[in-house]
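This report refers to the structure that appears directly beneath it.
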Amino acid sequence: MAPPSVSVIVRTRDRPALLREALASLRAQTLRDFETLVVADGGEAPPPEILAPPGEGGLSLLHRVPPHGRARALNAGLDAARGRFVAYLDDDDLFLPDHLETLSRFLAGSDSYRVAYTDVEQVSQLLGEDGRYHEGPRLVVYGQAFDAARLLSSNYISLIGLMHTATDLRYDESFDILEDWDFMIRLAERGRFHRIAKITATYRVRDDQSNATTTSPWHGAEAEAARRRLFEKHWHRQSATSQMALVDSFQNEAWLLRSEQAASAEQLDAERARTAGLAAELEELSRRLARVEAELTAFRGDASRQLQAAGERESALLSTLQQIYGSSSWRLLSRWWRLKARLLGR
């Protein structure tokens, strides 16, 4: 069997409903030549009915009990991968339909790059009073050009947006969080990444943290310790040149933010002026509506009075007719008309 074009490593643990959605996003891919490696790191094995192969390369389930951690789960997927390229998807995230095709097409046609990534949008899922999750705002939190110096201090690339050629590089299993950042720093030593400025994946965050795939908190002492250890591990890669580039990058970003802030302030002023104009128009329309309603009320009153007067006149006429029809003179006159009609009829 020929190896697939892409191997997709999917981490999961005891979340079949989320895994079903992630695999559904794989089934919707425009690229069909890929294999799926579901790494169930601890817990129960996913139910067989949701494990139908999404792509032509089939699906393999790697069930590891007890759990070995996020980094080792990724390494298990890398060890089993047969594809020319590797992509990643956690069970709580989603690929847009053109994700695999967009990245693999670029890498297959490039002689200069072995790693590429796309922009990723983050969507908040808020737990409602009805017990269901409702989507909150969507933000493009991963959408920056590649900068090796910045990567040493900021993790601005999402793992689910990343694709790379098959490699002997592995994840550092001493990290339970930030393992992807550490991996990308070392991967960047082998060559620059190419950014494709297009959103092709969705990173979902639940406000109750029920979609976290690690027992380590993302914020707090453990996260700070992991971040400190990562900086210590890669500090030797820092240089005066990289530090200057990083400072320049931050200064440029600050300038862009100030420019955007100024533009936003101008836009806000324009919106306020437009809103004030609309408020004046609305007030004038309200006054006109009040006048029309008053005129309509007066018209209805006049019409009601006229109808009442007409009714009274009609009643008076009917009463008069009844009096005429009931009078003796009308009866005599009626007899005379009938007699006249008979005589004329002869």
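Residue numbers start at 1 in each chain; chains themselves are named A, B, ... in the order of the structure tokens; ligands are numbered from 1 in the order shown.
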**OP:** Apply DSSP to the structure's backbone, then extract all residues of range 23-126 of chain A labelled helix (DSSP H, G or I) and return them as a PyMOL selection string.
**Re:** chain A and resi 23-27+48-50+70-80+99-108
